[in-house]
>>> print(open('my_file02.pdb').read())   # PDB, C-alpha atoms
MODEL        1
ATOM      1  CA  MET A   1      -9.962 -12.908  61.867
ATOM      2  CA  LYS A   2     -11.007 -11.656  58.451
ATOM      3  CA  LEU A   3     -13.199 -13.544  56.007
ATOM      4  CA  PHE A   4     -10.702 -13.302  53.173
ATOM      5  CA  ASP A   5      -7.202 -14.736  53.258
ATOM      6  CA  GLU A   6      -5.579 -11.978  51.275
ATOM      7  CA  ASN A   7      -2.435 -14.116  50.939
ATOM      8  CA  GLY A   8      -0.103 -11.337  49.874
ATOM      9  CA  VAL A   9      -2.506  -9.751  47.387
ATOM     10  CA  ASP A  10      -2.017  -5.981  47.107
ATOM     11  CA  ILE A  11      -5.483  -4.485  47.495
ATOM     12  CA  VAL A  12      -5.944  -0.883  46.385
ATOM     13  CA  LEU A  13      -8.869   1.456  46.922
ATOM     14  CA  ALA A  14      -8.978   3.994  44.075
ATOM     15  CA  SER A  15     -10.762   6.598  46.182
ATOM     16  CA  ALA A  16      -9.775   9.265  48.681
ATOM     17  CA  SER A  17     -13.097   8.940  50.524
ATOM     18  CA  PRO A  18     -12.506   8.347  54.240
ATOM     19  CA  ARG A  19     -15.947   6.737  54.436
ATOM     20  CA  ARG A  20     -15.103   4.141  51.794
ATOM     21  CA  LYS A  21     -11.785   3.472  53.497
ATOM     22  CA  GLU A  22     -13.550   2.885  56.800
ATOM     23  CA  ILE A  23     -16.136   0.565  55.243
ATOM     24  CA  LEU A  24     -13.561  -1.477  53.309
ATOM     25  CA  SER A  25     -11.486  -1.939  56.469
ATOM     26  CA  LEU A  26     -14.345  -4.082  57.791
ATOM     27  CA  LEU A  27     -13.471  -6.667  55.141
ATOM     28  CA  PHE A  28      -9.715  -6.504  54.595
ATOM     29  CA  HIS A  29      -6.778  -6.604  57.016
ATOM     30  CA  LYS A  30      -4.889  -4.038  54.993
ATOM     31  CA  PHE A  31      -5.100  -2.183  51.717
ATOM     32  CA  ARG A  32      -3.611   0.885  50.090
ATOM     33  CA  VAL A  33      -5.435   4.060  49.106
ATOM     34  CA  VAL A  34      -4.451   5.434  45.687
ATOM     35  CA  PRO A  35      -6.978   8.080  44.600
ATOM     36  CA  SER A  36      -7.703   8.328  40.885
ATOM     37  CA  SER A  37      -7.771  11.607  38.966
ATOM     38  CA  VAL A  38     -10.699  10.765  36.685
ATOM     39  CA  PRO A  39     -12.953  13.800  35.993
ATOM     40  CA  GLU A  40     -16.534  13.288  37.167
ATOM     41  CA  ASP A  41     -18.353  15.431  34.644
ATOM     42  CA  GLY A  42     -18.923  15.583  30.906
ATOM     43  CA  PHE A  43     -20.798  12.274  30.628
ATOM     44  CA  ASP A  44     -24.231  11.991  29.026
ATOM     45  CA  LEU A  45     -25.404   8.789  30.711
ATOM     46  CA  ASP A  46     -28.288   7.806  32.941
ATOM     47  CA  PRO A  47     -27.382   7.845  36.659
ATOM     48  CA  ALA A  48     -26.807   4.098  37.087
ATOM     49  CA  GLU A  49     -24.677   3.850  33.943
ATOM     50  CA  LEU A  50     -22.754   6.929  35.060
ATOM     51  CA  THR A  51     -21.794   5.418  38.414
ATOM     52  CA  ILE A  52     -20.483   2.250  36.757
ATOM     53  CA  GLU A  53     -18.640   4.230  34.078
ATOM     54  CA  LEU A  54     -16.913   6.435  36.641
ATOM     55  CA  ALA A  55     -16.165   3.570  39.034
ATOM     56  CA  SER A  56     -14.657   1.558  36.164
ATOM     57  CA  ARG A  57     -12.569   4.459  34.887
ATOM     58  CA  LYS A  58     -11.231   5.118  38.369
ATOM     59  CA  ALA A  59     -10.340   1.457  38.918
ATOM     60  CA  VAL A  60      -8.783   1.022  35.470
ATOM     61  CA  GLN A  61      -6.688   4.186  35.786
ATOM     62  CA  VAL A  62      -5.163   2.978  39.050
ATOM     63  CA  PHE A  63      -4.921  -0.648  37.872
ATOM     64  CA  GLU A  64      -2.876   0.385  34.830
ATOM     65  CA  LYS A  65      -0.186   1.679  37.190
ATOM     66  CA  ASN A  66      -0.621  -1.248  39.604
ATOM     67  CA  PRO A  67      -1.149  -4.278  37.325
ATOM     68  CA  SER A  68      -0.414  -6.871  40.002
ATOM     69  CA  SER A  69      -2.978  -5.397  42.402
ATOM     70  CA  LEU A  70      -6.671  -5.854  42.998
ATOM     71  CA  VAL A  71      -8.122  -2.379  42.511
ATOM     72  CA  ILE A  72     -11.520  -1.193  43.706
ATOM     73  CA  GLY A  73     -13.238   1.920  42.344
ATOM     74  CA  ALA A  74     -16.555   3.439  43.380
ATOM     75  CA  ASP A  75     -18.778   6.398  42.596
ATOM     76  CA  THR A  76     -21.965   7.613  44.269
ATOM     77  CA  VAL A  77     -24.678   9.923  42.942
ATOM     78  CA  VAL A  78     -27.855  11.362  44.427
ATOM     79  CA  VAL A  79     -30.843  11.505  42.085
ATOM     80  CA  CYS A  80     -33.985  13.601  42.636
ATOM     81  CA  ASP A  81     -36.672  14.138  40.001
ATOM     82  CA  GLY A  82     -34.441  12.328  37.516
ATOM     83  CA  ASN A  83     -31.646  14.862  37.974
ATOM     84  CA  ILE A  84     -28.207  14.070  39.357
ATOM     85  CA  MET A  85     -27.319  16.221  42.341
ATOM     86  CA  GLY A  86     -23.580  16.703  42.614
ATOM     87  CA  LYS A  87     -21.503  18.295  45.346
ATOM     88  CA  PRO A  88     -22.629  21.850  46.149
ATOM     89  CA  GLY A  89     -20.018  24.434  45.258
ATOM     90  CA  SER A  90     -21.535  27.179  47.386
ATOM     91  CA  HIS A  91     -23.725  27.847  50.412
ATOM     92  CA  ASP A  92     -26.612  28.905  48.168
ATOM     93  CA  LEU A  93     -26.419  25.728  46.102
ATOM     94  CA  ALA A  94     -26.395  23.605  49.264
ATOM     95  CA  VAL A  95     -29.542  25.422  50.435
ATOM     96  CA  GLU A  96     -31.196  24.792  47.077
ATOM     97  CA  MET A  97     -30.354  21.076  47.170
ATOM     98  CA  LEU A  98     -31.597  20.560  50.720
ATOM     99  CA  GLN A  99     -34.801  22.456  49.960
ATOM    100  CA  GLN A 100     -35.346  20.090  47.043
ATOM    101  CA  LEU A 101     -34.759  17.003  49.212
ATOM    102  CA  SER A 102     -36.810  18.274  52.164
ATOM    103  CA  GLY A 103     -39.979  16.280  52.823
ATOM    104  CA  ARG A 104     -39.370  13.982  49.870
ATOM    105  CA  SER A 105     -37.750  10.748  48.788
ATOM    106  CA  HIS A 106     -34.753  10.507  46.486
ATOM    107  CA  THR A 107     -32.440   7.810  45.191
ATOM    108  CA  VAL A 108     -28.791   7.144  45.977
ATOM    109  CA  ILE A 109     -26.870   5.010  43.483
ATOM    110  CA  THR A 110     -23.352   3.688  44.040
ATOM    111  CA  GLY A 111     -21.407   1.992  41.270
ATOM    112  CA  VAL A 112     -18.508  -0.312  42.144
ATOM    113  CA  SER A 113     -15.825  -1.732  39.875
ATOM    114  CA  CYS A 114     -13.161  -4.270  40.810
ATOM    115  CA  PHE A 115     -10.154  -5.014  38.558
ATOM    116  CA  SER A 116      -7.378  -7.588  38.900
ATOM    117  CA  SER A 117      -5.270  -9.733  36.574
ATOM    118  CA  LEU A 118      -7.523 -12.706  37.302
ATOM    119  CA  PHE A 119     -11.025 -11.230  37.204
ATOM    120  CA  ASN A 120     -13.039  -8.051  37.140
ATOM    121  CA  PHE A 121     -16.641  -7.134  37.825
ATOM    122  CA  SER A 122     -18.834  -4.044  38.074
ATOM    123  CA  PHE A 123     -22.283  -3.421  39.524
ATOM    124  CA  TYR A 124     -24.441  -0.705  40.994
ATOM    125  CA  GLU A 125     -26.805  -0.595  43.939
ATOM    126  CA  THR A 126     -29.781   1.686  44.568
ATOM    127  CA  THR A 127     -31.194   2.897  47.892
ATOM    128  CA  GLU A 128     -34.223   5.111  48.473
ATOM    129  CA  VAL A 129     -33.844   7.800  51.148
ATOM    130  CA  ALA A 130     -36.697   9.879  52.569
ATOM    131  CA  PHE A 131     -36.047  13.213  54.269
ATOM    132  CA  ARG A 132     -38.502  14.645  56.723
ATOM    133  CA  LYS A 133     -39.539  18.253  56.179
ATOM    134  CA  MET A 134     -36.748  20.665  57.070
ATOM    135  CA  ASN A 135     -37.450  24.303  57.872
ATOM    136  CA  ALA A 136     -35.147  27.142  56.841
ATOM    137  CA  GLU A 137     -33.474  27.309  60.247
ATOM    138  CA  GLU A 138     -32.665  23.598  60.167
ATOM    139  CA  ILE A 139     -31.252  23.821  56.647
ATOM    140  CA  HIS A 140     -28.962  26.709  57.535
ATOM    141  CA  TRP A 141     -27.937  25.045  60.789
ATOM    142  CA  TYR A 142     -27.015  21.876  58.927
ATOM    143  CA  ILE A 143     -25.014  23.714  56.271
ATOM    144  CA  ASN A 144     -23.098  25.487  59.031
ATOM    145  CA  THR A 145     -21.868  22.095  60.290
ATOM    146  CA  ASN A 146     -19.844  22.019  57.018
ATOM    147  CA  GLU A 147     -21.036  18.478  56.274
ATOM    148  CA  ALA A 148     -22.936  19.586  53.192
ATOM    149  CA  PHE A 149     -19.878  20.435  51.149
ATOM    150  CA  GLU A 150     -17.975  17.738  49.236
ATOM    151  CA  LYS A 151     -21.022  15.474  49.575
ATOM    152  CA  ALA A 152     -23.300  14.502  46.702
ATOM    153  CA  GLY A 153     -26.761  15.892  47.431
ATOM    154  CA  ALA A 154     -25.324  18.196  50.120
ATOM    155  CA  TYR A 155     -25.668  15.761  53.018
ATOM    156  CA  ALA A 156     -23.882  12.969  54.886
ATOM    157  CA  ILE A 157     -26.299  10.348  56.191
ATOM    158  CA  GLN A 158     -23.754   9.108  58.741
ATOM    159  CA  GLY A 159     -23.408  12.567  60.277
ATOM    160  CA  HIS A 160     -25.694  15.331  61.513
ATOM    161  CA  ALA A 161     -28.053  14.750  58.567
ATOM    162  CA  SER A 162     -29.164  11.504  60.221
ATOM    163  CA  MET A 163     -31.609  13.479  62.380
ATOM    164  CA  PHE A 164     -33.468  14.548  59.241
ATOM    165  CA  ILE A 165     -33.728  11.078  57.653
ATOM    166  CA  GLU A 166     -37.227   9.665  58.019
ATOM    167  CA  ARG A 167     -36.542   6.247  56.484
ATOM    168  CA  ILE A 168     -34.411   4.375  53.982
ATOM    169  CA  ASN A 169     -35.328   1.512  51.696
ATOM    170  CA  GLY A 170     -32.233  -0.506  50.867
ATOM    171  CA  ASN A 171     -28.611  -0.723  51.934
ATOM    172  CA  TYR A 172     -27.512   1.964  54.417
ATOM    173  CA  LEU A 173     -23.802   1.654  53.586
ATOM    174  CA  ASN A 174     -24.683   2.223  49.934
ATOM    175  CA  VAL A 175     -25.776   5.728  50.920
ATOM    176  CA  VAL A 176     -22.588   6.250  52.913
ATOM    177  CA  GLY A 177     -20.673   5.410  49.742
ATOM    178  CA  PHE A 178     -19.915   1.689  49.447
ATOM    179  CA  PRO A 179     -22.411  -1.246  49.349
ATOM    180  CA  LEU A 180     -20.234  -3.666  51.307
ATOM    181  CA  SER A 181     -22.649  -6.614  51.390
ATOM    182  CA  SER A 182     -23.122  -6.707  47.610
ATOM    183  CA  PHE A 183     -19.385  -6.243  47.026
ATOM    184  CA  TYR A 184     -18.545  -9.016  49.498
ATOM    185  CA  ASN A 185     -20.933 -11.494  47.876
ATOM    186  CA  ARG A 186     -19.556 -10.835  44.394
ATOM    187  CA  LEU A 187     -15.943 -10.966  45.507
ATOM    188  CA  LYS A 188     -16.576 -14.184  47.434
ATOM    189  CA  LYS A 189     -17.689 -15.881  44.207
ATOM    190  CA  MET A 190     -14.551 -14.712  42.406
ATOM    191  CA  TRP A 191     -11.947 -15.202  45.103
ATOM    192  CA  GLY A 192     -10.572 -18.738  44.860
ATOM    193  CA  ASN A 193      -8.964 -18.914  48.282
ATOM    194  CA  PHE A 194     -11.996 -17.816  50.238
ATOM    195  CA  SER A 195     -12.153 -19.588  53.581
ATOM    196  CA  GLN A 196     -14.323 -19.396  56.669
ATOM    197  CA  SER A 197     -11.482 -20.650  58.879
TER     198      SER A 197
ENDMDL
END
>>> encode(input="my_file02.pdb", output="structure tokens")
Amino acid sequence: MKLFDENGVDIVLASASPRRKEILSLLFHKFRVVPSSVPEDGFDLDPAELTIELASRKAVQVFEKNPSSLVIGADTVVVCDGNIMGKPGSHDLAVEMLQQLSGRSHTVITGVSCFSSLFNFSFYETTEVAFRKMNAEEIHWYINTNEAFEKAGAYAIQGHASMFIERINGNYLNVVGFPLSSFYNRLKKMWGNFSQS
């Protein structure tokens, strides 16, 4: 049983993230994955506004080619000292990012945008994550697991990095990449054929 009677609605996730796909499968019986090609740089916005802007652009781009579908876009950023930490493009950059996060707290923000012919909504969620102090050996060991690359902030909380997380304040799945609870509550208000049966 799923909470939503999808009733033939074509649901599309505009993201290639396997983590978002896994999280969304907790809510829907089936959905398609159609990654967007929206560039993620060149925007002069604060982090929260940036996540919503990118999530909306991703959803709209895919929705324009799938106008009868319900399309979901998302974007996640890691923010430390007011600076957005993207995906490290090299081993050295991954080391630098993890050194910056070590022994400190930072913020993870995920923006979500949902578009359909009947309704649309966008929101963002913020979670605070605290790393324990990592020594040089631990940082290099972690980078050698290859989890650091293609991850904002150079870490995956659901993977080996979990042993270095001291605490989180907020939604765990938001850090993984999709705040399912907040999305569910908003979609429930919009979805006319919601049923508990």
>>> resolve_selection(input="my_file02.pdb", expression="the PyMOL selection byres ((chain A and resi 134-146) around 9)", output="MDAnalysis selection string")
chainID A and resid 91 94:95 98:99 101:103 131:133 147:149 154:155 160:161 164
>>> write_last_selection(input="my_file02.pdb", atoms="C-alpha atoms", output="tab-separated table (two decimals), in the coordinates of the input")
chain	number	residue	atom	x	y	z
A	91	HIS	CA	-23.72	27.85	50.41
A	94	ALA	CA	-26.40	23.60	49.26
A	95	VAL	CA	-29.54	25.42	50.44
A	98	LEU	CA	-31.60	20.56	50.72
A	99	GLN	CA	-34.80	22.46	49.96
A	101	LEU	CA	-34.76	17.00	49.21
A	102	SER	CA	-36.81	18.27	52.16
A	103	GLY	CA	-39.98	16.28	52.82
A	131	PHE	CA	-36.05	13.21	54.27
A	132	ARG	CA	-38.50	14.64	56.72
A	133	LYS	CA	-39.54	18.25	56.18
A	147	GLU	CA	-21.04	18.48	56.27
A	148	ALA	CA	-22.94	19.59	53.19
A	149	PHE	CA	-19.88	20.43	51.15
A	154	ALA	CA	-25.32	18.20	50.12
A	155	TYR	CA	-25.67	15.76	53.02
A	160	HIS	CA	-25.69	15.33	61.51
A	161	ALA	CA	-28.05	14.75	58.57
A	164	PHE	CA	-33.47	14.55	59.24
>>> closest_residue(input="my_file02.pdb", among="A:Val38, A:Ala48, A:Ile157, A:Val129", to="A:Arg104", atoms="all atoms listed in the file")
A:Val129
>>> atom_distance(input="my_file02.pdb", atom1="atom CA of A:Gln100", atom2="atom CA of A:Thr126")
19.4 Å
>>> atom_distance(input="my_file02.pdb", atom1="atom CA of A:Phe63", atom2="atom CA of A:Ala152")
25.4 Å
>>> closest_residue(input="my_file02.pdb", among="A:Val176, A:His29, A:Gly153, A:Cys114", to="A:Pro88", atoms="only C-alpha atoms")
A:Gly153
>>> closest_residue(input="my_file02.pdb", among="A:His106, A:Arg32, A:Lys65, A:Arg57", to="A:Asp81", atoms="only C-alpha atoms")
A:His106
>>> residues_around(input="my_file02.pdb", residues="A:Leu50", least_positions_apart="6", cutoff="10 Å", atoms="all atoms listed in the file", output="JSON, numbers by chain")
{"A": [40, 41, 43, 44, 56, 75, 76, 77, 84, 109, 110, 111, 124]}
>>> residues_around(input="my_file02.pdb", residues="A:Pro35", least_positions_apart="3", cutoff="10 Å", atoms="all atoms listed in the file", output="number ranges by chain")
A: 12-17, 32, 38, 58-59, 61-62, 73
>>> build_atoms(input="my_file02.pdb", residues="stretch 109-135 of chain A", atoms="N, CA and C atoms", output="short mmCIF file (atom, residue, chain, number, x, y, z; two decimals), in the coordinates of the input")
data_model
loop_
_atom_site.label_atom_id
_atom_site.label_comp_id
_atom_site.auth_asym_id
_atom_site.auth_seq_id
_atom_site.Cartn_x
_atom_site.Cartn_y
_atom_site.Cartn_z
N ILE A 109 -27.41 6.11 44.28
CA ILE A 109 -26.87 5.01 43.48
C ILE A 109 -25.35 5.00 43.63
N THR A 110 -24.80 3.85 43.98
CA THR A 110 -23.35 3.69 44.04
C THR A 110 -22.94 2.61 43.05
N GLY A 111 -22.00 2.95 42.18
CA GLY A 111 -21.41 1.99 41.27
C GLY A 111 -20.07 1.54 41.82
N VAL A 112 -19.77 0.26 41.67
CA VAL A 112 -18.51 -0.31 42.14
C VAL A 112 -17.87 -1.11 41.02
N SER A 113 -16.56 -0.98 40.89
CA SER A 113 -15.82 -1.73 39.88
C SER A 113 -14.57 -2.30 40.51
N CYS A 114 -14.32 -3.58 40.24
CA CYS A 114 -13.16 -4.27 40.81
C CYS A 114 -12.34 -4.86 39.67
N PHE A 115 -11.04 -4.53 39.62
CA PHE A 115 -10.15 -5.01 38.56
C PHE A 115 -8.95 -5.73 39.15
N SER A 116 -8.60 -6.87 38.56
CA SER A 116 -7.38 -7.59 38.90
C SER A 116 -6.92 -8.33 37.65
N SER A 117 -5.77 -8.97 37.72
CA SER A 117 -5.27 -9.73 36.57
C SER A 117 -6.05 -11.02 36.37
N LEU A 118 -6.79 -11.44 37.37
CA LEU A 118 -7.52 -12.71 37.30
C LEU A 118 -9.00 -12.53 36.98
N PHE A 119 -9.59 -11.45 37.43
CA PHE A 119 -11.02 -11.23 37.20
C PHE A 119 -11.35 -9.76 37.37
N ASN A 120 -12.51 -9.38 36.87
CA ASN A 120 -13.04 -8.05 37.14
C ASN A 120 -14.56 -8.12 37.12
N PHE A 121 -15.18 -7.21 37.83
CA PHE A 121 -16.64 -7.13 37.83
C PHE A 121 -17.06 -5.72 38.20
N SER A 122 -18.26 -5.35 37.76
CA SER A 122 -18.83 -4.04 38.07
C SER A 122 -20.32 -4.22 38.35
N PHE A 123 -20.85 -3.38 39.22
CA PHE A 123 -22.28 -3.42 39.52
C PHE A 123 -22.67 -2.08 40.15
N TYR A 124 -23.97 -1.88 40.27
CA TYR A 124 -24.44 -0.70 40.99
C TYR A 124 -25.54 -1.12 41.95
N GLU A 125 -25.74 -0.33 42.97
CA GLU A 125 -26.80 -0.60 43.94
C GLU A 125 -27.59 0.69 44.18
N THR A 126 -28.89 0.54 44.40
CA THR A 126 -29.78 1.69 44.57
C THR A 126 -30.46 1.64 45.93
N THR A 127 -30.51 2.77 46.60
CA THR A 127 -31.19 2.90 47.89
C THR A 127 -32.09 4.13 47.86
N GLU A 128 -33.30 3.98 48.38
CA GLU A 128 -34.22 5.11 48.47
C GLU A 128 -34.10 5.75 49.86
N VAL A 129 -33.98 7.06 49.89
CA VAL A 129 -33.84 7.80 51.15
C VAL A 129 -34.95 8.85 51.23
N ALA A 130 -35.62 8.89 52.37
CA ALA A 130 -36.70 9.88 52.57
C ALA A 130 -36.29 10.86 53.65
N PHE A 131 -36.30 12.15 53.31
CA PHE A 131 -36.05 13.21 54.27
C PHE A 131 -37.37 13.65 54.89
N ARG A 132 -37.34 13.98 56.16
CA ARG A 132 -38.50 14.64 56.72
C ARG A 132 -38.43 16.12 56.33
N LYS A 133 -39.50 16.83 56.54
CA LYS A 133 -39.54 18.25 56.18
C LYS A 133 -38.55 19.04 57.03
N MET A 134 -37.72 19.82 56.37
CA MET A 134 -36.75 20.66 57.07
C MET A 134 -37.16 22.13 56.90
N ASN A 135 -37.16 22.88 58.00
CA ASN A 135 -37.45 24.30 57.87
C ASN A 135 -36.16 25.06 57.55
#
